[in-house]
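S.K.: Handing over coords-v9.json, JSON, C-alpha atoms.
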[["chain", "number", "residue", "atom", "x", "y", "z"],
["D", 1497, "MET", "CA", 17.86, 54.30, 88.93],
["D", 1498, "ASP", "CA", 21.59, 54.37, 88.23],
["D", 1499, "ARG", "CA", 22.36, 55.38, 84.65],
["D", 1500, "ALA", "CA", 24.29, 52.19, 84.06],
["D", 1501, "GLN", "CA", 21.11, 50.25, 84.86],
["D", 1502, "ILE", "CA", 18.76, 52.16, 82.53],
["D", 1503, "PRO", "CA", 17.50, 49.67, 79.88],
["D", 1504, "LEU", "CA", 17.81, 51.85, 76.77],
["D", 1505, "ASN", "CA", 16.73, 49.20, 74.25],
["D", 1506, "ALA", "CA", 13.68, 48.33, 76.32],
["D", 1507, "LEU", "CA", 12.74, 52.00, 76.66],
["D", 1508, "ARG", "CA", 13.07, 52.48, 72.92],
["D", 1509, "ALA", "CA", 10.81, 49.46, 72.33],
["D", 1510, "PHE", "CA", 8.31, 50.82, 74.86],
["D", 1511, "GLU", "CA", 8.22, 54.26, 73.20],
["D", 1512, "ALA", "CA", 7.55, 52.80, 69.76],
["D", 1513, "ALA", "CA", 4.88, 50.44, 71.08],
["D", 1514, "ALA", "CA", 3.22, 53.26, 73.03],
["D", 1515, "ARG", "CA", 3.21, 55.54, 70.00],
["D", 1516, "HIS", "CA", 1.64, 52.90, 67.76],
["D", 1517, "LEU", "CA", -0.30, 51.10, 70.53],
["D", 1518, "SER", "CA", 0.86, 47.96, 68.77],
["D", 1519, "PHE", "CA", 3.81, 45.61, 69.27],
["D", 1520, "THR", "CA", 3.58, 44.57, 65.63],
["D", 1521, "ARG", "CA", 3.84, 48.09, 64.18],
["D", 1522, "ALA", "CA", 6.61, 48.92, 66.65],
["D", 1523, "ALA", "CA", 8.51, 45.85, 65.48],
["D", 1524, "VAL", "CA", 8.22, 46.95, 61.84],
["D", 1525, "GLU", "CA", 9.57, 50.41, 62.72],
["D", 1526, "LEU", "CA", 12.48, 49.00, 64.73],
["D", 1527, "CYS", "CA", 13.24, 46.23, 62.21],
["D", 1528, "VAL", "CA", 12.94, 43.47, 64.80],
["D", 1529, "SER", "CA", 10.41, 40.73, 65.45],
["D", 1530, "GLN", "CA", 7.13, 41.30, 67.25],
["D", 1531, "GLY", "CA", 8.28, 38.85, 69.88],
["D", 1532, "ALA", "CA", 11.45, 40.86, 70.51],
["D", 1533, "VAL", "CA", 9.46, 44.03, 71.19],
["D", 1534, "SER", "CA", 7.06, 42.16, 73.46],
["D", 1535, "GLN", "CA", 9.95, 40.63, 75.41],
["D", 1536, "GLN", "CA", 11.72, 43.98, 75.81],
["D", 1537, "VAL", "CA", 8.56, 45.61, 77.14],
["D", 1538, "ALA", "CA", 7.87, 42.68, 79.47],
["D", 1539, "ALA", "CA", 11.42, 42.91, 80.82],
["D", 1540, "LEU", "CA", 10.98, 46.65, 81.42],
["D", 1541, "GLU", "CA", 7.68, 46.06, 83.23],
["D", 1542, "ALA", "CA", 9.31, 43.38, 85.38],
["D", 1543, "ARG", "CA", 12.15, 45.72, 86.30],
["D", 1544, "LEU", "CA", 9.72, 48.52, 87.22],
["D", 1545, "GLY", "CA", 7.37, 46.15, 89.02],
["D", 1546, "THR", "CA", 4.29, 47.50, 87.26],
["D", 1547, "PRO", "CA", 2.54, 47.00, 83.91],
["D", 1548, "LEU", "CA", 2.90, 49.77, 81.33],
["D", 1549, "PHE", "CA", 0.27, 48.41, 78.92],
["D", 1550, "ARG", "CA", -3.09, 46.73, 79.15],
["D", 1551, "ARG", "CA", -3.17, 43.94, 76.59],
["D", 1552, "LEU", "CA", -6.50, 44.16, 74.77],
["D", 1553, "PRO", "CA", -8.04, 41.78, 72.21],
["D", 1554, "ARG", "CA", -7.30, 44.34, 69.50],
["D", 1555, "GLY", "CA", -4.20, 46.28, 70.42],
["D", 1556, "LEU", "CA", -2.82, 47.94, 73.51],
["D", 1557, "ALA", "CA", -3.78, 50.65, 75.99],
["D", 1558, "LEU", "CA", -1.41, 52.52, 78.27],
["D", 1559, "THR", "CA", -1.75, 52.18, 82.02],
["D", 1560, "ASP", "CA", -1.38, 55.28, 84.21],
["D", 1561, "GLU", "CA", 2.32, 54.47, 84.61],
["D", 1562, "GLY", "CA", 2.70, 54.05, 80.87],
["D", 1563, "GLN", "CA", 0.94, 57.36, 80.23],
["D", 1564, "ALA", "CA", 3.38, 59.07, 82.60],
["D", 1565, "LEU", "CA", 6.45, 57.52, 80.97],
["D", 1566, "PHE", "CA", 5.51, 57.85, 77.30],
["D", 1567, "PRO", "CA", 5.62, 61.66, 76.78],
["D", 1568, "VAL", "CA", 8.95, 61.88, 78.62],
["D", 1569, "MET", "CA", 10.47, 59.14, 76.47],
["D", 1570, "ALA", "CA", 9.01, 60.52, 73.24],
["D", 1571, "ASP", "CA", 10.34, 64.01, 73.94],
["D", 1572, "THR", "CA", 13.74, 62.69, 75.02],
["D", 1573, "LEU", "CA", 14.18, 60.62, 71.86],
["D", 1574, "ASP", "CA", 13.00, 63.52, 69.69],
["D", 1575, "ARG", "CA", 15.50, 65.86, 71.32],
["D", 1576, "VAL", "CA", 18.35, 63.39, 71.01],
["D", 1577, "GLY", "CA", 17.47, 62.80, 67.36],
["D", 1578, "ASP", "CA", 17.30, 66.53, 66.62],
["D", 1579, "LEU", "CA", 20.64, 67.15, 68.31],
["D", 1580, "LEU", "CA", 22.30, 64.31, 66.40],
["D", 1581, "GLU", "CA", 21.01, 65.82, 63.15],
["D", 1582, "ARG", "CA", 22.38, 69.23, 64.07],
["D", 1583, "ILE", "CA", 25.74, 67.80, 65.06],
["D", 1584, "ALA", "CA", 25.90, 65.82, 61.81],
["D", 1585, "ALA", "CA", 25.12, 69.03, 59.93],
["D", 1586, "GLY", "CA", 27.86, 70.86, 61.80],
["D", 1587, "HIS", "CA", 25.48, 73.18, 63.71],
["D", 1588, "PRO", "CA", 25.04, 71.97, 67.30],
["D", 1589, "ARG", "CA", 22.67, 74.26, 69.21],
["D", 1590, "ASP", "CA", 20.97, 74.40, 72.59],
["D", 1591, "VAL", "CA", 17.25, 73.60, 72.64],
["D", 1592, "LEU", "CA", 14.88, 75.19, 75.16],
["D", 1593, "SER", "CA", 11.37, 73.76, 75.50],
["D", 1594, "LEU", "CA", 9.21, 76.47, 77.04],
["D", 1595, "GLY", "CA", 5.55, 76.32, 78.01],
["D", 1596, "VAL", "CA", 3.82, 79.70, 78.16],
["D", 1597, "VAL", "CA", 0.32, 80.74, 79.19],
["D", 1598, "GLY", "CA", -1.27, 82.13, 76.02],
["D", 1599, "THR", "CA", -1.99, 85.61, 77.39],
["D", 1600, "PHE", "CA", 1.65, 86.19, 78.29],
["D", 1601, "ALA", "CA", 2.84, 84.76, 74.98],
["D", 1602, "SER", "CA", 0.70, 87.05, 72.82],
["D", 1603, "GLY", "CA", 0.73, 90.07, 75.11],
["D", 1604, "TRP", "CA", 4.38, 90.23, 76.11],
["D", 1605, "LEU", "CA", 6.74, 87.52, 74.90],
["D", 1606, "LEU", "CA", 6.26, 87.22, 71.14],
["D", 1607, "GLU", "CA", 7.06, 90.83, 70.28],
["D", 1608, "ARG", "CA", 10.29, 90.54, 72.29],
["D", 1609, "LEU", "CA", 11.52, 87.24, 70.84],
["D", 1610, "PRO", "CA", 13.69, 88.94, 68.19],
["D", 1611, "ASP", "CA", 15.62, 90.54, 71.06],
["D", 1612, "PHE", "CA", 15.98, 87.14, 72.73],
["D", 1613, "THR", "CA", 17.30, 85.66, 69.48],
["D", 1614, "ARG", "CA", 19.92, 88.39, 69.31],
["D", 1615, "ALA", "CA", 20.85, 87.89, 72.97],
["D", 1616, "CYS", "CA", 20.98, 84.07, 72.79],
["D", 1617, "PRO", "CA", 21.63, 83.16, 69.13],
["D", 1618, "GLN", "CA", 22.75, 79.64, 70.06],
["D", 1619, "VAL", "CA", 19.34, 78.71, 71.55],
["D", 1620, "ASP", "CA", 16.57, 77.08, 69.54],
["D", 1621, "LEU", "CA", 13.31, 77.92, 71.32],
["D", 1622, "ARG", "CA", 10.41, 75.47, 71.23],
["D", 1623, "LEU", "CA", 7.31, 77.28, 72.40],
["D", 1624, "SER", "CA", 4.16, 75.55, 73.64],
["D", 1625, "THR", "CA", 1.20, 77.74, 74.64],
["D", 1626, "ASN", "CA", -1.48, 76.73, 77.12],
["D", 1627, "ASN", "CA", -4.34, 78.08, 79.21],
["D", 1628, "ASN", "CA", -2.31, 77.89, 82.42],
["D", 1629, "ARG", "CA", -2.80, 74.14, 82.73],
["D", 1630, "VAL", "CA", 0.71, 72.78, 82.26],
["D", 1631, "ASP", "CA", 2.49, 69.57, 83.22],
["D", 1632, "ILE", "CA", 6.19, 70.39, 82.99],
["D", 1633, "ALA", "CA", 7.37, 66.79, 83.42],
["D", 1634, "GLY", "CA", 4.63, 65.16, 81.38],
["D", 1635, "GLU", "CA", 5.09, 67.57, 78.47],
["D", 1636, "GLY", "CA", 8.87, 67.34, 78.55],
["D", 1637, "LEU", "CA", 9.31, 71.08, 79.19],
["D", 1638, "ASP", "CA", 12.47, 72.69, 80.49],
["D", 1639, "MET", "CA", 10.60, 75.70, 81.89],
["D", 1640, "ALA", "CA", 7.11, 77.17, 81.94],
["D", 1641, "ILE", "CA", 5.70, 80.67, 82.37],
["D", 1642, "ARG", "CA", 2.44, 80.45, 84.26],
["D", 1643, "PHE", "CA", -0.02, 82.67, 86.10],
["D", 1644, "GLY", "CA", -1.01, 82.36, 89.74],
["D", 1645, "GLY", "CA", 0.27, 82.65, 93.28],
["D", 1646, "GLY", "CA", 3.63, 80.97, 92.72],
["D", 1647, "ALA", "CA", 3.01, 77.80, 94.77],
["D", 1648, "TRP", "CA", 3.16, 74.67, 92.60],
["D", 1649, "HIS", "CA", 4.25, 71.36, 94.14],
["D", 1650, "GLY", "CA", 7.79, 70.33, 93.28],
["D", 1651, "THR", "CA", 8.37, 73.52, 91.32],
["D", 1652, "HIS", "CA", 10.85, 76.37, 91.67],
["D", 1653, "ALA", "CA", 9.19, 79.68, 90.75],
["D", 1654, "ILE", "CA", 10.53, 83.20, 90.12],
["D", 1655, "ARG", "CA", 8.01, 86.04, 89.97],
["D", 1656, "ILE", "CA", 8.56, 88.00, 86.78],
["D", 1657, "LEU", "CA", 5.58, 90.32, 86.38],
["D", 1658, "ASP", "CA", 2.53, 91.43, 88.34],
["D", 1659, "ALA", "CA", -0.64, 91.63, 86.26],
["D", 1660, "PRO", "CA", -3.53, 93.27, 88.13],
["D", 1661, "LEU", "CA", -6.94, 93.11, 86.48],
["D", 1662, "THR", "CA", -8.89, 96.18, 85.37],
["D", 1663, "PRO", "CA", -11.88, 96.69, 83.02],
["D", 1664, "LEU", "CA", -11.00, 97.12, 79.34],
["D", 1665, "CYS", "CA", -13.40, 98.20, 76.61],
["D", 1666, "THR", "CA", -13.70, 100.23, 73.43],
["D", 1667, "PRO", "CA", -13.64, 104.04, 73.62],
["D", 1668, "GLU", "CA", -17.29, 104.07, 72.54],
["D", 1669, "ILE", "CA", -18.38, 101.96, 75.51],
["D", 1670, "ALA", "CA", -16.11, 103.93, 77.84],
["D", 1671, "GLN", "CA", -18.00, 107.13, 77.00],
["D", 1672, "ARG", "CA", -21.05, 105.62, 78.71],
["D", 1673, "LEU", "CA", -19.18, 104.74, 81.91],
["D", 1674, "SER", "CA", -19.04, 107.74, 84.21],
["D", 1675, "ASP", "CA", -18.83, 105.52, 87.32],
["D", 1676, "PRO", "CA", -18.49, 101.77, 88.10],
["D", 1677, "ALA", "CA", -22.22, 101.34, 88.79],
["D", 1678, "MET", "CA", -22.91, 101.98, 85.11],
["D", 1679, "LEU", "CA", -21.09, 98.76, 84.22],
["D", 1680, "GLY", "CA", -24.31, 96.99, 85.18],
["D", 1681, "ARG", "CA", -25.81, 98.25, 81.91],
["D", 1682, "GLU", "CA", -23.05, 96.66, 79.85],
["D", 1683, "THR", "CA", -22.20, 93.08, 78.94],
["D", 1684, "LEU", "CA", -19.50, 91.91, 81.34],
["D", 1685, "LEU", "CA", -17.21, 89.38, 79.70],
["D", 1686, "ARG", "CA", -16.01, 86.68, 82.08],
["D", 1687, "SER", "CA", -13.15, 84.23, 82.51],
["D", 1688, "TYR", "CA", -13.42, 80.81, 84.14],
["D", 1689, "ARG", "CA", -12.44, 82.44, 87.46],
["D", 1690, "SER", "CA", -15.92, 83.28, 88.69],
["D", 1691, "ASP", "CA", -14.82, 85.51, 91.56],
["D", 1692, "GLU", "CA", -13.00, 88.16, 89.53],
["D", 1693, "TRP", "CA", -15.86, 90.56, 88.74],
["D", 1694, "PRO", "CA", -17.38, 90.33, 92.26],
["D", 1695, "THR", "CA", -13.94, 91.04, 93.72],
["D", 1696, "TRP", "CA", -13.45, 94.03, 91.43],
["D", 1697, "PHE", "CA", -16.85, 95.54, 92.28],
["D", 1698, "ALA", "CA", -16.14, 95.06, 95.99],
["D", 1699, "GLN", "CA", -12.86, 96.90, 95.53],
["D", 1700, "ALA", "CA", -14.72, 99.68, 93.70],
["D", 1701, "GLY", "CA", -17.30, 99.92, 96.49],
["D", 1702, "THR", "CA", -20.18, 99.11, 94.15],
["D", 1703, "PRO", "CA", -22.64, 96.16, 94.25],
["D", 1704, "CYS", "CA", -21.86, 93.54, 91.63],
["D", 1705, "PRO", "CA", -24.65, 93.20, 89.04],
["D", 1706, "ALA", "CA", -25.91, 89.88, 87.74],
["D", 1707, "LEU", "CA", -23.26, 88.33, 85.51],
["D", 1708, "ARG", "CA", -24.73, 87.03, 82.27],
["D", 1709, "GLY", "CA", -22.03, 87.72, 79.72],
["D", 1710, "PRO", "CA", -20.07, 85.18, 77.68],
["D", 1711, "MET", "CA", -17.41, 83.14, 79.46],
["D", 1712, "PHE", "CA", -13.92, 82.53, 78.05],
["D", 1713, "ASP", "CA", -11.09, 80.17, 78.96],
["D", 1714, "SER", "CA", -8.40, 82.77, 78.27],
["D", 1715, "SER", "CA", -7.95, 86.53, 78.45],
["D", 1716, "VAL", "CA", -6.87, 86.63, 74.80],
["D", 1717, "PRO", "CA", -10.25, 85.77, 73.17],
["D", 1718, "MET", "CA", -12.06, 87.65, 75.94],
["D", 1719, "VAL", "CA", -10.20, 90.88, 75.16],
["D", 1720, "ASP", "CA", -10.62, 90.22, 71.43],
["D", 1721, "ALA", "CA", -14.36, 90.22, 72.08],
["D", 1722, "ALA", "CA", -14.07, 93.48, 74.02],
["D", 1723, "ARG", "CA", -12.07, 95.01, 71.17],
["D", 1724, "HIS", "CA", -14.95, 94.21, 68.83],
["D", 1725, "GLY", "CA", -17.43, 95.94, 71.12],
["D", 1726, "LEU", "CA", -19.06, 92.83, 72.58],
["D", 1727, "GLY", "CA", -18.68, 94.10, 76.15],
["D", 1728, "VAL", "CA", -16.25, 94.92, 78.93],
["D", 1729, "ALA", "CA", -13.41, 92.55, 79.80],
["D", 1730, "LEU", "CA", -11.70, 92.30, 83.18],
["D", 1731, "ALA", "CA", -8.13, 91.60, 82.16],
["D", 1732, "PRO", "CA", -4.45, 92.43, 82.82],
["D", 1733, "ALA", "CA", -3.87, 95.73, 81.03],
["D", 1734, "VAL", "CA", -0.13, 95.11, 80.89],
["D", 1735, "MET", "CA", -0.75, 92.27, 78.42],
["D", 1736, "PHE", "CA", -2.67, 94.47, 75.99],
["D", 1737, "THR", "CA", -0.50, 97.56, 75.69],
["D", 1738, "GLY", "CA", -0.62, 97.52, 71.89],
["D", 1739, "ASP", "CA", -4.41, 97.94, 71.84],
["D", 1740, "LEU", "CA", -4.27, 100.54, 74.60],
["D", 1741, "ARG", "CA", -1.60, 102.63, 72.90],
["D", 1742, "ALA", "CA", -3.42, 102.42, 69.58],
["D", 1743, "GLY", "CA", -6.68, 103.54, 71.19],
["D", 1744, "ARG", "CA", -8.56, 100.38, 70.26],
["D", 1745, "LEU", "CA", -9.11, 99.76, 73.98],
["D", 1746, "VAL", "CA", -9.19, 101.98, 77.05],
["D", 1747, "ALA", "CA", -9.14, 101.34, 80.79],
["D", 1748, "PRO", "CA", -12.08, 103.46, 82.03],
["D", 1749, "PHE", "CA", -11.38, 103.10, 85.76],
["D", 1750, "ALA", "CA", -8.28, 103.16, 87.93],
["D", 1751, "THR", "CA", -9.63, 100.43, 90.23],
["D", 1752, "ARG", "CA", -7.79, 97.17, 89.83],
["D", 1753, "ILE", "CA", -7.45, 93.89, 91.69],
["D", 1754, "ASP", "CA", -4.52, 91.58, 92.23],
["D", 1755, "ALA", "CA", -5.44, 88.12, 90.94],
["D", 1756, "GLY", "CA", -1.90, 86.77, 90.61],
["D", 1757, "SER", "CA", 1.41, 87.22, 88.87],
["D", 1758, "TYR", "CA", 3.34, 85.64, 86.02],
["D", 1759, "TRP", "CA", 6.07, 83.25, 87.15],
["D", 1760, "LEU", "CA", 8.98, 81.51, 85.46],
["D", 1761, "THR", "CA", 8.94, 77.94, 86.72],
["D", 1762, "ARG", "CA", 10.93, 74.74, 86.44],
["D", 1763, "LEU", "CA", 10.95, 71.46, 88.32],
["D", 1764, "GLN", "CA", 13.03, 71.56, 91.50],
["D", 1765, "SER", "CA", 14.70, 68.36, 90.34],
["D", 1766, "ARG", "CA", 15.70, 69.89, 87.00],
["D", 1767, "THR", "CA", 19.33, 70.88, 86.48],
["D", 1768, "ASP", "CA", 19.81, 74.13, 84.60],
["D", 1769, "THR", "CA", 21.07, 73.87, 81.03],
["D", 1770, "PRO", "CA", 22.96, 76.72, 79.33],
["D", 1771, "ALA", "CA", 19.80, 77.50, 77.35],
["D", 1772, "MET", "CA", 17.73, 77.75, 80.54],
["D", 1773, "VAL", "CA", 20.26, 80.09, 82.14],
["D", 1774, "CYS", "CA", 20.41, 82.26, 79.03],
["D", 1775, "PHE", "CA", 16.62, 82.58, 78.78],
["D", 1776, "ARG", "CA", 16.14, 83.28, 82.49],
["D", 1777, "THR", "CA", 18.83, 85.97, 82.48],
["D", 1778, "TRP", "CA", 17.38, 87.63, 79.38],
["D", 1779, "LEU", "CA", 13.81, 87.44, 80.70],
["D", 1780, "LEU", "CA", 14.55, 88.95, 84.10],
["D", 1781, "ASN", "CA", 16.66, 91.72, 82.60],
["D", 1782, "THR", "CA", 13.97, 92.56, 80.03],
["D", 1783, "VAL", "CA", 11.13, 92.54, 82.55],
["D", 1784, "GLY", "CA", 13.16, 94.78, 84.85],
["D", 1785, "GLU", "CA", 13.52, 97.35, 82.09],
["D", 1786, "GLY", "CA", 9.74, 97.53, 81.57],
["D", 1787, "GLY", "CA", 8.60, 97.55, 85.20],
["D", 1788, "PRO", "CA", 7.69, 101.24, 85.71],
["D", 1789, "ILE", "CA", 5.49, 101.35, 82.61],
["D", 1790, "ASP", "CA", 3.73, 98.14, 83.63],
["D", 1791, "ARG", "CA", 2.82, 99.44, 87.08],
["D", 1792, "ASN", "CA", 1.11, 102.54, 85.66],
["D", 1793, "MET", "CA", -0.57, 100.89, 82.69],
["D", 1794, "ALA", "CA", -4.25, 101.21, 83.63],
["D", 1795, "GLN", "CA", -3.99, 104.83, 84.70],
["D", 1796, "SER", "CA", -2.03, 105.77, 81.57],
["D", 1797, "PHE", "CA", -4.85, 104.66, 79.29],
["D", 1798, "ALA", "CA", -7.93, 105.88, 81.15],
["D", 1799, "PRO", "CA", -10.12, 108.02, 78.87],
["D", 1800, "PRO", "CA", -10.52, 111.70, 79.78],
["D", 1801, "CYS", "CA", -14.21, 111.27, 80.60],
["D", 1802, "ALA", "CA", -13.75, 108.35, 83.00],
["D", 1803, "THR", "CA", -13.70, 109.00, 86.73],
["D", 1804, "PRO", "CA", -11.70, 106.59, 88.90],
["D", 1805, "ALA", "CA", -13.68, 104.82, 91.60],
["D", 1806, "SER", "CA", -12.78, 106.27, 94.95],
["D", 1807, "ALA", "CA", -14.19, 103.87, 97.55],
["D", 1808, "GLY", "CA", -11.57, 101.23, 98.29],
["D", 1809, "ALA", "CA", -9.93, 101.73, 94.90],
["D", 1810, "THR", "CA", -6.35, 100.77, 94.22],
["D", 1811, "SER", "CA", -4.81, 103.31, 91.90],
["D", 1812, "SER", "CA", -2.75, 101.74, 89.17]]
Please go through the file and, once you have read it, give me the structure as C-alpha cells.
M.R.:
Amino acid sequence: MDRAQIPLNALRAFEAAARHLSFTRAAVELCVSQGAVSQQVAALEARLGTPLFRRLPRGLALTDEGQALFPVMADTLDRVGDLLERIAAGHPRDVLSLGVVGTFASGWLLERLPDFTRACPQVDLRLSTNNNRVDIAGEGLDMAIRFGGGAWHGTHAIRILDAPLTPLCTPEIAQRLSDPAMLGRETLLRSYRSDEWPTWFAQAGTPCPALRGPMFDSSVPMVDAARHGLGVALAPAVMFTGDLRAGRLVAPFATRIDAGSYWLTRLQSRTDTPAMVCFRTWLLNTVGEGGPIDRNMAQSFAPPCATPASAGATSS
C-alpha cells in the first residue's frame, strides 16, 4: 500500500481496540466517541477486505488477520512514542530490537554487551530472549539470533558461530567415565531434539542406551542441572566456557556432533537501519576474534582421566 494511502487514524483506533478488546475502552483512551472508533475500524476492514475483529456479545476477539496486524502496530507506535520522547528530551538515539535464543544470550552475548555499548554508544538495545521459536515480523524485531541450519522462509541469514554438541558434566561424574559406553550408567539429560544423544553415540561408535533422563526446552537449564550433578548434558561447549574454565564442568570426551549453528537473521524485506548495521559489524568482528578458541573448546576442557572415543569420533 502506498504510504499516502495508509489510514493512520484508523490504524491507531485499531491498535487501541485490539489492546483493550473493547471499542468503548479504546474510545476513552483516544478521547473520542465509541461510534468513532467503531467507524474507523470498519473503514479499515473495508479497505483491507477482511474483518480484523469478531464482534462478540461481550467484547471483541481478534481474527487471524487482526492477530497478525496488532503486534506490528503496537510495536510501531511504542517505538515512535519512545523516539518522540527522546527527541523532546534532546537525546535522539537508534533503537535495535533483537531476539536472541536464550543459550546464546547467556553463554556468549551478555558478557560482551559492555563492549557493544562502547562500540555503538548511540544504540539502545532491546533484547528479547526465546527458545529458538521466534516470529521476527510478529514480534516487531529488527533482527534475531537463532540456532539451526540457516534456512528460514523469507529470511536473510548470516552464520556467526558453529556450536557442536558434546557431553558436559561435573568433574566427579567425569571420573567415572573412562569410555563412552559408561555413559549408560549415568543420567543423560535431554533436550526436545530427541535425536541428539542417539546421533552422538553413533558418532562415538557405541550403542545408545535407553534414554530416561529429564527433558529440557533449552540448553541453559539442562546444563544448570548438569552443573548440580543431576547427570550428563549434551550441549554446545562454546556456550558454557565460564563453567569449563572454572572447573565446574568438564567435557569428558572429544567426540562431538554438528547439530546446527547460530545465525544472525532479518527479514529479506527489511531495510537496514544504522543500528542494525552497527550491531552486525560489531558482532561479526567480535565472533571472528574468538573463533580459534571456540573450535577447540571441548578438547581444551577434557579431564586428564578421560579418553576420547576413537571410532568415528570428530576431534574438537
S.K.: Given only C-alpha atoms as the basis, pick out the residue of D:Thr1666, D:Gln1501, D:Ser1529, D:Ser1593 nearest to D:Ala1742.
M.R.: D:Thr1666
S.K.: Take atom CA of D:Ala1615 and atom CA of D:Asp1658 and report the distance between them in Å, one decimal.
M.R.: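 Distance between the two atoms: 24.2 Å.
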S.K.: Would you please work out which residue, of D:Leu1558, D:Ala1706, D:Leu1606, D:Ala1670, is nearest to D:Leu1684 when using all atoms listed in the file?
M.R.: D:Ala1706
S.K.: Compare D:Asp1560, D:Glu1511, D:Asp1590, D:Asp1571 by their minimum atom-to-atom distance to D:Leu1637, counting all atoms listed in the file, and give me the closest one.
M.R.: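 Among the listed residues, D:Asp1571 lies closest to D:Leu1637.
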S.K.: Of the candidates D:Leu1740, D:Cys1774, D:Leu1763, D:Leu1592, which one gets nearest to D:Gly1650 if we count all atoms listed in the file?
M.R.: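 Once distances to D:Gly1650 are computed over all atoms listed in the file, the minimum belongs to D:Leu1763.
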S.K.: Between atom CA of D:Ala1733 and atom CA of D:Ala1755, measure the distance and give it in Å to one decimal.
M.R.: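 Separating atom CA of D:Ala1733 from atom CA of D:Ala1755 is a distance of 12.6 Å.
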S.K.: Of the candidates D:Ala1539, D:Met1639, D:Leu1726, D:Val1597, which one gets nearest to D:Asp1768 if we count only C-alpha atoms?
M.R.: D:Met1639
S.K.: Please enclose the listed atoms of stretch 1645-1660 of chain D in an axis-aligned box, pad each side by 4 Å, and write out the centre and the three edge lengths in Å, rounded to one decimal, as lines of an AutoDock Vina configuration file.
M.R.:
center_x = 3.7
center_y = 81.8
center_z = 90.5
size_x = 22.4
size_y = 30.9
size_z = 16.5
S.K.: So which one's closest to D:Gly1644, D:Ala1750, D:Leu1657, D:Ala1771, D:Val1783? Using all atoms listed in the file, please.
M.R.: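 Result for the nearest residue to D:Gly1644: D:Leu1657.
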S.K.: So which residues fall inside 10 Å of (-18.0, 80.0, 82.7) if we count only C-alpha atoms? Mind giving them as a list in words?
M.R.: Leu1685, Arg1686, Ser1687, Tyr1688, Arg1689, Ser1690, Arg1708, Gly1709, Pro1710, Met1711, Phe1712 and Asp1713 of chain D
S.K.: List the neighbours of D:Arg1608 out to 12 Å using all atoms listed in the file; skip same-chain residues closer than 5 positions along the sequence, and give me the result as a compact mmCIF listing (two decimals) with C-alpha atoms, keeping the file's coordinate frame.
M.R.:
# COMPACT_ATOMS: atom_id res chain seq x y z
CA PHE D 1600 1.65 86.19 78.29
CA ALA D 1601 2.84 84.76 74.98
CA SER D 1602 0.70 87.05 72.82
CA GLY D 1603 0.73 90.07 75.11
CA THR D 1613 17.30 85.66 69.48
CA ARG D 1614 19.92 88.39 69.31
CA ALA D 1615 20.85 87.89 72.97
CA TRP D 1778 17.38 87.63 79.38
CA LEU D 1779 13.81 87.44 80.70
CA THR D 1782 13.97 92.56 80.03
CA VAL D 1783 11.13 92.54 82.55
CA GLY D 1786 9.74 97.53 81.57
S.K.: Any idea what the distance is between atom CA of D:Val1746 and atom CA of D:Thr1683?
M.R.: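 About the pair atom CA of D:Val1746 and atom CA of D:Thr1683: they are 15.9 Å apart.
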S.K.: Determine, counting all atoms listed in the file, which protein, DNA and RNA residues have an atom within 12 Å of an atom of D:Ala1633; residues of the same chain fewer than 6 positions away are not included. Present the result as a PyMOL selection string.
M.R.: chain D and resi 1563-1569+1571-1572+1593-1595+1639-1640+1650-1651+1761-1766
S.K.: May I have the residues from that selection written out with C-alpha atoms, as a tab-separated table (two decimals), in the coordinates of the input?
M.R.:
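So selection_21.tsv came out as:
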chain	number	residue	atom	x	y	z
D	1563	GLN	CA	0.94	57.36	80.23
D	1564	ALA	CA	3.38	59.07	82.60
D	1565	LEU	CA	6.45	57.52	80.97
D	1566	PHE	CA	5.51	57.85	77.30
D	1567	PRO	CA	5.62	61.66	76.78
D	1568	VAL	CA	8.95	61.88	78.62
D	1569	MET	CA	10.47	59.14	76.47
D	1571	ASP	CA	10.34	64.01	73.94
D	1572	THR	CA	13.74	62.69	75.02
D	1593	SER	CA	11.37	73.76	75.50
D	1594	LEU	CA	9.21	76.47	77.04
D	1595	GLY	CA	5.55	76.32	78.01
D	1639	MET	CA	10.60	75.70	81.89
D	1640	ALA	CA	7.11	77.17	81.94
D	1650	GLY	CA	7.79	70.33	93.28
D	1651	THR	CA	8.37	73.52	91.32
D	1761	THR	CA	8.94	77.94	86.72
D	1762	ARG	CA	10.93	74.74	86.44
D	1763	LEU	CA	10.95	71.46	88.32
D	1764	GLN	CA	13.03	71.56	91.50
D	1765	SER	CA	14.70	68.36	90.34
D	1766	ARG	CA	15.70	69.89	87.00
S.K.: Any chance you could model N, CA and C atoms for stretch 1528-1535 of chain D and send them as a compact mmCIF listing (two decimals), in the frame of the given file?
M.R.:
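Result file follows (part20.txt):
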# COMPACT_ATOMS: atom_id res chain seq x y z
N VAL D 1528 12.75 44.66 63.98
CA VAL D 1528 12.94 43.47 64.80
C VAL D 1528 11.63 42.68 64.76
N SER D 1529 11.63 41.54 65.44
CA SER D 1529 10.41 40.73 65.45
C SER D 1529 9.42 41.27 66.49
N GLN D 1530 8.16 40.90 66.29
CA GLN D 1530 7.13 41.30 67.25
C GLN D 1530 7.43 40.71 68.62
N GLY D 1531 7.95 39.50 68.63
CA GLY D 1531 8.28 38.85 69.88
C GLY D 1531 9.39 39.58 70.63
N ALA D 1532 10.34 40.14 69.87
CA ALA D 1532 11.45 40.86 70.51
C ALA D 1532 10.95 42.11 71.22
N VAL D 1533 10.03 42.83 70.56
CA VAL D 1533 9.46 44.03 71.19
C VAL D 1533 8.69 43.65 72.44
N SER D 1534 7.86 42.60 72.33
CA SER D 1534 7.06 42.16 73.46
C SER D 1534 7.95 41.75 74.64
N GLN D 1535 9.05 41.06 74.35
CA GLN D 1535 9.95 40.63 75.41
C GLN D 1535 10.66 41.82 76.07
